[in-house]
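Q: File target-v5.cif below, mmCIF, C-alpha atoms and all ligand atoms:
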```
data_final
loop_
_atom_site.label_atom_id
_atom_site.label_comp_id
_atom_site.auth_asym_id
_atom_site.auth_seq_id
_atom_site.Cartn_x
_atom_site.Cartn_y
_atom_site.Cartn_z
CA MET A 1 163.72 50.18 113.84
CA ASN A 2 162.74 52.40 110.91
CA LYS A 3 165.00 55.28 109.85
CA ARG A 4 164.02 58.65 111.30
CA TYR A 5 163.83 61.49 108.81
CA ASP A 6 164.81 65.04 109.72
CA VAL A 7 162.11 67.50 108.70
CA LEU A 8 162.90 71.20 108.94
CA ILE A 9 159.88 73.51 108.80
CA VAL A 10 160.97 77.07 108.05
CA GLY A 11 158.36 79.55 109.28
CA ALA A 12 156.09 79.44 112.34
CA GLY A 13 153.16 81.26 110.75
CA VAL A 14 149.75 79.63 110.71
CA THR A 15 150.65 77.21 107.88
CA GLY A 16 154.06 76.14 109.23
CA LEU A 17 152.69 75.44 112.71
CA THR A 18 149.70 73.56 111.30
CA VAL A 19 151.82 71.23 109.18
CA ALA A 20 154.04 70.64 112.24
CA ALA A 21 151.02 69.77 114.41
CA LEU A 22 149.62 67.43 111.74
CA LEU A 23 152.94 65.62 111.19
CA ALA A 24 153.66 65.32 114.91
CA GLN A 25 150.31 63.56 115.38
CA CYS A 26 150.17 61.46 112.21
CA GLU A 27 150.21 57.67 112.24
CA TYR A 28 153.90 57.37 111.34
CA SER A 29 155.14 60.39 113.31
CA SER A 30 157.71 58.20 115.12
CA GLN A 31 159.64 58.13 111.81
CA LEU A 32 160.01 61.93 111.83
CA ARG A 33 162.28 64.31 113.74
CA LEU A 34 160.51 67.66 113.46
CA THR A 35 162.05 71.11 113.89
CA VAL A 36 160.25 74.43 113.36
CA VAL A 37 162.41 77.55 113.01
CA ASP A 38 161.28 81.17 112.80
CA ALA A 39 163.24 84.38 112.49
CA ALA A 40 160.78 86.30 114.67
CA PRO A 41 160.27 86.03 118.44
CA ARG A 42 157.72 83.49 119.71
CA PRO A 43 154.28 85.05 119.14
CA VAL A 44 152.26 85.76 122.27
CA HIS A 45 148.54 86.50 122.35
CA ASP A 46 147.12 88.52 125.23
CA PRO A 47 143.43 87.57 125.66
CA ASP A 48 142.83 90.71 127.75
CA GLY A 49 144.68 93.01 125.38
CA GLU A 50 143.57 94.89 122.25
CA VAL A 51 142.38 92.81 119.26
CA ALA A 52 145.42 92.47 116.98
CA LEU A 53 145.36 94.20 113.58
CA ARG A 54 146.09 91.01 111.62
CA VAL A 55 142.85 89.05 111.61
CA SER A 56 141.73 86.41 109.12
CA ALA A 57 138.33 85.10 108.11
CA ILE A 58 138.80 81.42 108.91
CA ALA A 59 136.35 79.22 106.98
CA THR A 60 134.38 76.57 108.83
CA GLY A 61 136.42 73.83 107.08
CA SER A 62 139.69 75.41 108.28
CA ALA A 63 138.35 75.62 111.83
CA GLU A 64 137.60 71.89 111.63
CA LEU A 65 141.18 71.22 110.51
CA LEU A 66 142.55 73.22 113.45
CA ASP A 67 140.17 71.32 115.70
CA SER A 68 141.52 68.01 114.40
CA VAL A 69 144.99 68.88 115.76
CA GLY A 70 143.58 70.14 119.08
CA ALA A 71 144.07 73.87 118.47
CA TRP A 72 140.55 75.15 117.89
CA GLN A 73 139.03 74.81 121.35
CA TYR A 74 141.38 77.42 122.80
CA VAL A 75 140.78 79.77 119.85
CA GLY A 76 136.99 79.40 120.12
CA GLU A 77 136.97 79.93 123.88
CA THR A 78 139.35 82.89 123.75
CA ARG A 79 138.29 85.32 121.02
CA ALA A 80 136.81 84.00 117.76
CA SER A 81 134.04 86.12 116.23
CA ALA A 82 131.59 83.95 114.31
CA TYR A 83 130.01 85.52 111.25
CA GLU A 84 126.70 84.22 110.04
CA ALA A 85 126.06 86.14 106.84
CA MET A 86 127.89 87.88 104.05
CA ARG A 87 126.90 90.71 101.68
CA VAL A 88 128.96 91.69 98.64
CA TRP A 89 127.95 94.57 96.40
CA ASP A 90 129.17 97.02 93.77
CA GLU A 91 129.34 100.70 94.69
CA SER A 92 126.71 101.56 92.08
CA ILE A 93 123.96 99.58 93.84
CA GLU A 94 122.47 99.14 97.32
CA PRO A 95 123.64 96.26 99.57
CA ASP A 96 120.10 94.86 99.84
CA SER A 97 119.29 95.06 96.11
CA GLY A 98 118.94 92.02 93.82
CA GLY A 99 122.35 92.65 92.26
CA ALA A 100 124.18 92.16 95.57
CA LEU A 101 125.54 88.77 96.58
CA SER A 102 124.12 87.54 99.81
CA PHE A 103 124.82 84.34 101.79
CA ASP A 104 123.46 83.15 105.11
CA ALA A 105 124.73 80.27 107.24
CA ALA A 106 121.20 78.90 107.74
CA GLU A 107 120.73 78.20 104.01
CA PHE A 108 123.84 75.98 104.08
CA GLY A 109 122.78 74.19 107.27
CA VAL A 110 125.76 75.47 109.29
CA PRO A 111 125.70 77.63 112.45
CA GLN A 112 128.16 80.14 110.94
CA LEU A 113 129.96 80.81 107.67
CA GLY A 114 133.28 81.15 109.47
CA PHE A 115 135.17 83.03 112.17
CA ILE A 116 137.16 86.24 112.33
CA VAL A 117 140.27 85.34 114.30
CA GLU A 118 143.53 87.08 115.12
CA ASN A 119 146.43 85.31 113.36
CA VAL A 120 148.50 85.50 116.56
CA LEU A 121 145.77 83.70 118.52
CA VAL A 122 145.79 80.79 116.06
CA GLN A 123 149.60 80.66 116.33
CA GLN A 124 149.39 80.67 120.13
CA ALA A 125 146.87 77.80 120.13
CA LEU A 126 149.01 75.73 117.75
CA LEU A 127 152.14 76.39 119.81
CA ALA A 128 150.35 75.21 122.97
CA VAL A 129 149.64 71.93 121.13
CA LEU A 130 153.22 71.64 119.83
CA ASP A 131 154.70 72.31 123.29
CA LYS A 132 153.26 68.94 124.37
CA LEU A 133 154.54 67.04 121.32
CA ASP A 134 157.91 65.78 120.15
CA VAL A 135 158.80 68.89 118.10
CA THR A 136 161.78 71.23 118.47
CA LEU A 137 160.77 74.91 118.26
CA LYS A 138 163.36 77.61 117.64
CA PHE A 139 162.49 81.32 117.54
CA ASN A 140 164.68 84.36 116.88
CA THR A 141 166.56 82.13 114.45
CA ARG A 142 166.82 83.09 110.80
CA VAL A 143 167.42 80.07 108.58
CA ASP A 144 170.23 80.66 106.08
CA SER A 145 171.12 77.12 105.03
CA LEU A 146 168.95 74.11 104.34
CA LYS A 147 170.08 70.78 105.80
CA ALA A 148 167.44 68.09 106.37
CA ASP A 149 165.87 65.08 104.65
CA LEU A 150 162.92 67.33 103.91
CA VAL A 151 162.67 71.13 104.16
CA ILE A 152 159.17 72.58 104.26
CA GLY A 153 159.23 76.23 103.21
CA ALA A 154 156.40 77.92 105.12
CA ASP A 155 158.26 81.21 105.29
CA GLY A 156 155.77 83.53 103.66
CA ALA A 157 155.46 85.50 100.45
CA ARG A 158 159.15 86.51 100.37
CA SER A 159 160.28 82.95 101.03
CA PHE A 160 163.98 82.44 101.68
CA VAL A 161 163.62 78.69 101.04
CA ARG A 162 162.04 79.28 97.63
CA ASP A 163 164.79 81.67 96.58
CA LYS A 164 167.60 79.53 98.01
CA VAL A 165 166.60 76.47 95.96
CA GLY A 166 166.03 78.62 92.87
CA ILE A 167 162.28 78.24 92.44
CA LYS A 168 160.98 81.13 90.33
CA THR A 169 157.69 82.97 90.82
CA GLN A 170 155.13 84.61 88.59
CA ASP A 171 154.33 88.02 90.05
CA PHE A 172 151.26 90.15 89.40
CA PRO A 173 151.80 93.43 91.27
CA TYR A 174 148.57 95.25 92.12
CA GLY A 175 150.09 98.62 93.04
CA GLN A 176 147.72 98.34 95.99
CA THR A 177 148.14 98.39 99.75
CA ALA A 178 145.73 96.69 102.14
CA PHE A 179 144.88 99.36 104.69
CA VAL A 180 143.64 97.85 107.97
CA THR A 181 142.14 99.23 111.17
CA HIS A 182 139.25 98.58 113.58
CA LEU A 183 136.12 100.73 113.55
CA LYS A 184 133.15 101.29 115.81
CA PRO A 185 130.02 101.36 113.62
CA GLU A 186 126.95 103.41 114.44
CA LYS A 187 124.63 100.49 113.55
CA PRO A 188 125.05 96.89 114.80
CA HIS A 189 126.96 94.68 112.35
CA GLY A 190 124.59 91.75 112.91
CA ARG A 191 127.48 89.24 112.59
CA THR A 192 127.55 89.96 108.87
CA ALA A 193 130.75 90.30 106.85
CA LEU A 194 130.42 93.11 104.32
CA GLN A 195 132.37 93.79 101.15
CA ARG A 196 131.76 96.81 98.95
CA PHE A 197 133.60 97.06 95.65
CA THR A 198 134.51 100.73 95.31
CA GLN A 199 136.28 102.41 92.43
CA ASP A 200 139.28 102.80 94.75
CA GLY A 201 139.33 99.09 95.64
CA PRO A 202 137.42 96.46 97.64
CA LEU A 203 136.45 97.46 101.18
CA GLY A 204 135.83 94.56 103.59
CA MET A 205 134.29 94.96 107.04
CA LEU A 206 134.57 91.91 109.28
CA PRO A 207 132.41 91.73 112.44
CA LEU A 208 134.15 91.40 115.83
CA ASN A 209 132.49 90.09 119.01
CA ASP A 210 132.92 93.43 120.79
CA GLY A 211 130.69 95.21 118.24
CA ARG A 212 133.55 96.70 116.23
CA VAL A 213 134.44 95.78 112.66
CA SER A 214 137.89 95.02 111.33
CA VAL A 215 138.33 96.84 108.03
CA VAL A 216 140.53 95.85 105.08
CA TRP A 217 140.53 98.36 102.24
CA SER A 218 142.75 97.42 99.30
CA ILE A 219 143.60 100.72 97.68
CA HIS A 220 146.12 102.34 95.40
CA ASP A 221 149.40 103.05 97.18
CA VAL A 222 148.99 106.85 96.83
CA LEU A 223 145.52 106.82 98.41
CA ALA A 224 146.83 104.45 101.11
CA GLU A 225 149.42 107.06 102.07
CA ARG A 226 146.72 109.74 102.25
CA VAL A 227 144.48 107.53 104.36
CA GLN A 228 147.34 106.69 106.71
CA ALA A 229 148.08 110.38 107.20
CA ALA A 230 144.44 111.40 107.89
CA ASN A 231 143.46 112.16 111.49
CA ASP A 232 140.90 109.89 113.19
CA GLU A 233 137.95 112.14 112.38
CA GLU A 234 138.89 112.46 108.69
CA LEU A 235 139.58 108.75 108.43
CA GLY A 236 136.18 107.90 109.96
CA GLU A 237 134.51 110.13 107.37
CA ILE A 238 136.50 108.64 104.46
CA LEU A 239 135.64 105.08 105.48
CA SER A 240 131.98 105.87 106.25
CA ALA A 241 131.64 107.29 102.72
CA ALA A 242 133.59 104.39 101.16
CA SER A 243 131.22 101.92 102.85
CA ASP A 244 128.22 104.00 101.68
CA TYR A 245 127.15 104.26 105.34
CA ALA A 246 126.08 100.60 105.28
CA LEU A 247 126.71 100.57 109.05
CA GLY A 248 126.08 104.29 109.54
CA ASN A 249 128.94 106.51 110.61
CA LEU A 250 132.19 104.71 111.40
CA GLU A 251 134.46 105.81 114.22
CA VAL A 252 138.14 104.85 114.21
CA ALA A 253 138.70 102.53 117.18
CA GLY A 254 142.06 100.88 116.76
CA PRO A 255 145.58 101.28 115.41
CA ARG A 256 146.29 101.33 111.65
CA GLY A 257 148.43 99.21 109.39
CA GLY A 258 149.24 98.77 105.72
CA PHE A 259 150.32 95.66 103.79
CA PRO A 260 151.62 96.02 100.21
CA LEU A 261 149.78 93.56 97.94
CA CYS A 262 151.12 91.40 95.14
CA ALA A 263 149.81 88.14 93.73
CA ARG A 264 152.72 85.72 93.50
CA HIS A 265 152.75 82.09 92.45
CA ALA A 266 155.70 79.72 92.65
CA THR A 267 156.26 78.03 89.28
CA GLN A 268 156.83 74.78 91.16
CA TYR A 269 155.97 73.80 94.74
CA VAL A 270 158.48 70.97 95.14
CA MET A 271 162.02 69.83 94.42
CA PRO A 272 163.81 66.78 95.78
CA GLY A 273 163.84 67.31 99.57
CA VAL A 274 161.90 70.60 99.46
CA ALA A 275 158.19 71.54 99.52
CA LEU A 276 156.62 75.01 99.67
CA ILE A 277 153.31 75.67 101.43
CA GLY A 278 151.16 78.70 102.24
CA ASP A 279 152.20 82.16 101.11
CA ALA A 280 155.66 80.82 100.17
CA ALA A 281 153.89 78.94 97.35
CA HIS A 282 151.10 81.42 96.58
CA ALA A 283 150.20 84.91 97.77
CA VAL A 284 146.65 85.89 96.78
CA HIS A 285 144.64 89.11 97.01
CA PRO A 286 142.92 89.34 100.42
CA LEU A 287 139.59 90.44 98.91
CA ALA A 288 137.90 87.08 99.51
CA GLY A 289 139.85 86.20 102.66
CA GLN A 290 141.28 82.97 101.25
CA GLY A 291 145.08 83.16 101.76
CA ALA A 292 145.36 81.49 105.16
CA ASN A 293 142.62 79.02 104.27
CA LEU A 294 144.54 77.89 101.17
CA GLY A 295 147.71 77.56 103.26
CA LEU A 296 145.90 75.35 105.78
CA GLN A 297 144.68 73.11 102.96
CA ASP A 298 148.27 72.85 101.66
CA ALA A 299 149.41 71.82 105.15
CA ALA A 300 146.70 69.14 105.37
CA GLU A 301 147.52 67.75 101.93
CA LEU A 302 151.29 67.70 102.45
CA ALA A 303 150.98 66.01 105.87
CA ASP A 304 148.68 63.39 104.37
CA VAL A 305 151.04 62.69 101.45
CA ILE A 306 154.04 62.37 103.82
CA ASN A 307 152.18 60.08 106.21
CA THR A 308 151.05 57.80 103.37
CA ALA A 309 154.59 57.70 101.96
CA LEU A 310 156.03 56.69 105.33
CA GLY A 311 153.43 53.92 105.59
CA ASP A 312 154.60 52.67 102.18
CA ALA A 313 158.27 52.82 103.23
CA GLU A 314 158.99 55.70 100.82
CA HIS A 315 161.40 58.57 101.59
CA PRO A 316 159.22 61.63 102.40
CA GLY A 317 161.60 63.94 100.53
CA ASP A 318 161.56 61.99 97.26
CA LYS A 319 160.33 64.07 94.35
CA PRO A 320 157.63 61.56 93.23
CA VAL A 321 156.20 61.66 96.77
CA LEU A 322 156.21 65.47 96.92
CA ARG A 323 154.79 65.73 93.40
CA ARG A 324 151.59 64.11 94.73
CA TYR A 325 151.19 67.12 97.03
CA GLU A 326 151.95 69.56 94.20
CA ARG A 327 149.46 67.91 91.85
CA ALA A 328 146.74 68.08 94.49
CA ARG A 329 147.19 71.75 95.37
CA LYS A 330 148.81 73.82 92.61
CA GLY A 331 145.88 73.88 90.21
CA GLU A 332 143.37 74.80 92.89
CA ASN A 333 145.57 77.57 94.26
CA ALA A 334 146.21 78.93 90.74
CA THR A 335 142.47 79.07 90.06
CA MET A 336 141.87 81.06 93.24
CA LEU A 337 144.85 83.38 92.63
CA HIS A 338 143.81 84.25 89.07
CA PHE A 339 140.14 84.54 90.03
CA MET A 340 140.99 87.07 92.77
CA THR A 341 143.29 89.01 90.45
CA GLY A 342 140.60 89.10 87.75
CA LEU A 343 137.89 90.10 90.20
CA ASN A 344 140.04 92.92 91.54
CA LYS A 345 140.60 94.23 87.99
CA LEU A 346 136.97 93.78 86.97
CA PHE A 347 135.75 95.92 89.84
CA ALA A 348 138.45 98.55 89.42
CA THR A 349 137.30 99.61 85.96
CA ASP A 350 134.86 102.51 85.65
CA SER A 351 133.56 101.63 82.17
CA ALA A 352 129.74 101.80 82.22
CA LEU A 353 129.53 98.66 80.09
CA VAL A 354 131.78 96.64 82.40
CA ARG A 355 129.85 97.91 85.41
CA GLU A 356 126.56 96.77 83.85
CA LEU A 357 128.08 93.37 83.01
CA ARG A 358 129.42 92.77 86.50
CA ILE A 359 126.14 93.74 88.18
CA ASN A 360 124.23 91.44 85.86
CA GLY A 361 126.86 88.76 86.45
CA MET A 362 126.38 89.01 90.20
CA ARG A 363 122.61 88.89 89.77
CA LEU A 364 122.90 85.79 87.56
CA PHE A 365 125.27 84.16 90.05
CA ASN A 366 122.79 84.88 92.84
CA TYR A 367 120.08 82.97 90.96
CA SER A 368 122.35 80.21 89.64
CA GLY A 369 121.25 77.66 92.28
CA PRO A 370 123.70 74.72 92.29
CA ILE A 371 126.61 76.80 90.87
CA ARG A 372 126.22 79.37 93.63
CA ASP A 373 125.85 76.66 96.29
CA HIS A 374 128.94 74.82 95.07
CA ALA A 375 131.08 78.00 94.95
CA VAL A 376 130.08 78.99 98.48
CA LYS A 377 130.72 75.49 99.84
CA VAL A 378 134.21 75.50 98.28
CA ALA A 379 134.96 78.90 99.87
CA LEU A 380 133.67 77.69 103.24
CA GLY A 381 135.50 74.38 103.01
CA ILE A 382 132.30 72.43 103.81
C1 LIG A 401 145.45 92.63 105.05
C2 LIG A 401 145.36 91.15 104.89
C3 LIG A 401 144.18 90.50 105.23
C4 LIG A 401 144.07 89.11 105.10
N1 LIG A 401 142.89 88.51 105.42
C5 LIG A 401 142.78 87.16 105.28
C6 LIG A 401 141.55 86.50 105.60
O1 LIG A 401 140.55 87.11 105.99
N2 LIG A 401 141.49 85.14 105.46
C7 LIG A 401 142.56 84.42 105.01
O2 LIG A 401 142.45 83.19 104.89
N3 LIG A 401 143.73 85.04 104.70
C8 LIG A 401 143.86 86.37 104.82
N4 LIG A 401 145.04 86.98 104.50
C9 LIG A 401 146.17 86.16 104.05
C10 LIG A 401 146.88 85.51 105.24
O3 LIG A 401 147.19 86.47 106.22
C11 LIG A 401 148.14 84.81 104.74
O4 LIG A 401 147.82 84.00 103.63
C12 LIG A 401 148.73 83.92 105.83
O5 LIG A 401 148.99 84.65 107.01
C13 LIG A 401 150.03 83.27 105.34
O6 LIG A 401 150.52 82.43 106.35
P1 LIG A 401 151.91 81.70 106.18
O7 LIG A 401 152.09 80.91 107.45
O8 LIG A 401 151.96 80.97 104.89
O9 LIG A 401 153.00 82.85 106.08
P2 LIG A 401 153.39 84.03 107.14
O10 LIG A 401 152.25 84.34 108.03
O11 LIG A 401 153.94 85.10 106.29
O12 LIG A 401 154.53 83.35 108.02
C14 LIG A 401 155.84 83.18 107.55
C15 LIG A 401 156.79 83.03 108.74
O13 LIG A 401 158.10 82.72 108.25
C16 LIG A 401 159.07 83.41 109.00
N5 LIG A 401 160.29 83.54 108.18
C17 LIG A 401 160.46 84.22 107.02
N6 LIG A 401 161.71 84.06 106.55
C18 LIG A 401 162.37 83.27 107.45
C19 LIG A 401 163.70 82.74 107.52
N7 LIG A 401 164.64 82.98 106.58
N8 LIG A 401 164.02 81.97 108.58
C20 LIG A 401 163.09 81.69 109.54
N9 LIG A 401 161.82 82.17 109.50
C21 LIG A 401 161.47 82.93 108.48
C22 LIG A 401 158.41 84.74 109.33
O14 LIG A 401 158.98 85.31 110.48
C23 LIG A 401 156.94 84.31 109.55
O15 LIG A 401 156.66 84.04 110.90
C24 LIG A 401 145.17 88.36 104.61
C25 LIG A 401 146.36 89.01 104.26
C26 LIG A 401 146.46 90.39 104.39
C27 LIG A 401 147.74 91.10 104.01
#
```
Could you write out this structure as structure tokens?

A:
Amino acid sequence: MNKRYDVLIVGAGVTGLTVAALLAQCEYSSQLRLTVVDAAPRPVHDPDGEVALRVSAIATGSAELLDSVGAWQYVGETRASAYEAMRVWDESIEPDSGGALSFDAAEFGVPQLGFIVENVLVQQALLAVLDKLDVTLKFNTRVDSLKADLVIGADGARSFVRDKVGIKTQDFPYGQTAFVTHLKPEKPHGRTALQRFTQDGPLGMLPLNDGRVSVVWSIHDVLAERVQAANDEELGEILSAASDYALGNLEVAGPRGGFPLCARHATQYVMPGVALIGDAAHAVHPLAGQGANLGLQDAAELADVINTALGDAEHPGDKPVLRRYERARKGENATMLHFMTGLNKLFATDSALVRELRINGMRLFNYSGPIRDHAVKVALGI
């Protein structure tokens, strides 16, 4: 009988639950004793209730990963809003001009570019899978000591695990807050995700099945406070103007929330017996909707590395084993983090020269053929 290794997964967000579902179903899962612990209560999604404020654009590749552990069917049947096109443009031009970036699912031979999904729905679907597997789930339990053969820190951007083991981070504060709400647009959204780069920050509008759009506007903290304090009518006017009326007048049709933004990268992802995944390892700007997708790729890579190690009779917490995971993911995550930070800065400057350069850059990118195709396929995970 092989030894069984205790694996403690701290954090039952999307990444923690995904790595648990992958490990519980991997070839050598009988060698693992899995426990997932979260400080918060068990998340519950009400399919008949209001669409939650925290939604993510889940790329097609991420949906396939969730499908591979048996969690996607429930999400798809319950409330996933497919989006089939994307338009990205600078505030100084029109969304349908040559300088705007434009992608359609059909040109990449896929039925959709991705799905807008409530985070809590993905958690619920993963928990339903885990309930049937050999995994111990503990909620309302804050972890304050780390005892296991392997601790997986999936405990978000302010990771306790990361701090406890003394892993440092590089922080790039944006001084921005992501303001979120749902809006009813005057014109149909046509299952198109829109992003307008305004002087105040990038404004994303993600299409929901019920005709509304979920808005994420990453703005300076002072403006965020003003926007939060505006009444519904004022807020509708502010957001209609910020979107340049791309969907006509926008009516506020949901609660509001604000998330302070900071890019943060752990200087190392692993130590003997410890691995960080998801936001605990890297928090990126939400402007391209990549954070959860990167976390899901971390989960897939780490589960694969652990499974292979078990097959080779290696200890899953050994540093050389965990370094394989770090080598596979850290560079890619760093590229995305710095690219998002740079993009955010590039679009925040009002210099006429920089504006001209970025519009020409977008136009060039649009006509760059294979480069454009490759970049989009990476973002979609296809
Ligand atoms: C406004 C906004 C919009 C976004 N849009 C997108 C998008 O469109 N697409 C996309 O891919 N990403 C998006 N993201 C990013 C995405 O939401 C995050 O990357 C993702 O949710 C991170 O998941 P996680 O599981 O790593 O961490 P979290 O979701 O932060 O989960 C961490 C968990 O750990 C628990 N925890 C913390 N400390 C402890 C402790 N000591 N003990 C026990 N439990 C603990 C917490 O309770 C929590 O449940 C967006 C982010 C924001 C702010």

Q: Could you please determine the separation between atom CA of Trp217 of chain A and atom O13 of ligand LIG 401 (chain A) in Å, to one decimal place?

A: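 That distance, rounded to one decimal, is 24.3 Å.
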
Q: Which residues are close to Ile152 of chain A, i.e. within 9 Å by all atoms listed in the file, leaving aside same-chain residues fewer than 5 positions away? Reply as a list of chain:residue names.

A: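 Counting all atoms listed in the file, the residues come to A:Val7, A:Leu8, A:Ile9, A:Val10, A:Gly11, A:Gly16, A:Val19, A:Val161, A:Gly273, A:Val274, A:Ala275, A:Leu276, A:Ile277.
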
Q: Could I get the residue neighbourhood of ligand LIG 401 (chain A) at 8 Å, counting only C-alpha atoms and all ligand atoms, as a PyMOL selection string?

A: chain A and resi 10-17+37-40+54-59+116+119+140-144+154-161+178-180+216+218+258-261+277-280+283-295

Q: Between atom CA of Asp96 of chain A and atom CA of Ala253 of chain A, measure the distance and give it in Å to one decimal.

A: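 Atom-to-atom, atom CA of Asp96 of chain A and atom CA of Ala253 of chain A are spaced 26.6 Å apart.
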
Q: Do you know which residues are at most 8 Å from Glu91 of chain A counting all atoms listed in the file, after dropping those on the same chain fewer than 3 positions away, and could you put them as a PyMOL selection string?

A: chain A and resi 94+196-199+244

Q: Residues near Val122 of chain A, anyone? I mean within 8 Å using only C-alpha atoms, not counting same-chain ones fewer than 3 positions away, as a ChimeraX atom specification.

A: /A:14,71-72,75,117-119,125-126

Q: Give the answer as one residue: which of A:Ser240, A:Arg226, A:Gly175, A:Val213 has the shortest atom-to-atom distance to Gly201 of chain A, using all atoms listed in the file?

A: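 Residue with the minimum atom-to-atom distance to Gly201 of chain A: A:Gly175.
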
Q: Ile238 of chain A: which residues within 12 Å, counting only C-alpha atoms, same-chain residues fewer than 6 positions away excluded, as a PDB file with C-alpha atoms, in the frame of the given file?

A:
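Dumped everything to selection06.pdb:
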```pdb
ATOM      1  CA  ASP A 200     139.280 102.800  94.750  1.00  0.00           C
ATOM      2  CA  LEU A 203     136.450  97.460 101.180  1.00  0.00           C
ATOM      3  CA  TRP A 217     140.530  98.360 102.240  1.00  0.00           C
ATOM      4  CA  LEU A 223     145.520 106.820  98.410  1.00  0.00           C
ATOM      5  CA  ALA A 224     146.830 104.450 101.110  1.00  0.00           C
ATOM      6  CA  ARG A 226     146.720 109.740 102.250  1.00  0.00           C
ATOM      7  CA  VAL A 227     144.480 107.530 104.360  1.00  0.00           C
ATOM      8  CA  GLN A 228     147.340 106.690 106.710  1.00  0.00           C
ATOM      9  CA  ALA A 230     144.440 111.400 107.890  1.00  0.00           C
ATOM     10  CA  ASN A 231     143.460 112.160 111.490  1.00  0.00           C
ATOM     11  CA  ASP A 232     140.900 109.890 113.190  1.00  0.00           C
ATOM     12  CA  ASP A 244     128.220 104.000 101.680  1.00  0.00           C
ATOM     13  CA  TYR A 245     127.150 104.260 105.340  1.00  0.00           C
ATOM     14  CA  ASN A 249     128.940 106.510 110.610  1.00  0.00           C
ATOM     15  CA  LEU A 250     132.190 104.710 111.400  1.00  0.00           C
ATOM     16  CA  GLU A 251     134.460 105.810 114.220  1.00  0.00           C
ATOM     17  CA  VAL A 252     138.140 104.850 114.210  1.00  0.00           C
TER      18      VAL A 252
END
```

Q: At what distance in Å, to one decimal, does atom CA of Glu237 of chain A lie from atom CA of Lys184 of chain A?

A: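 The value is 12.3 Å.
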
Q: I need the residue nearest Gln124 of chain A from this list: A:Asp46, A:Asp6, A:Gly236, A:Ala20. Use all atoms listed in the file for the distance.

A: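 Selected residue with least distance to Gln124 of chain A: A:Asp46.
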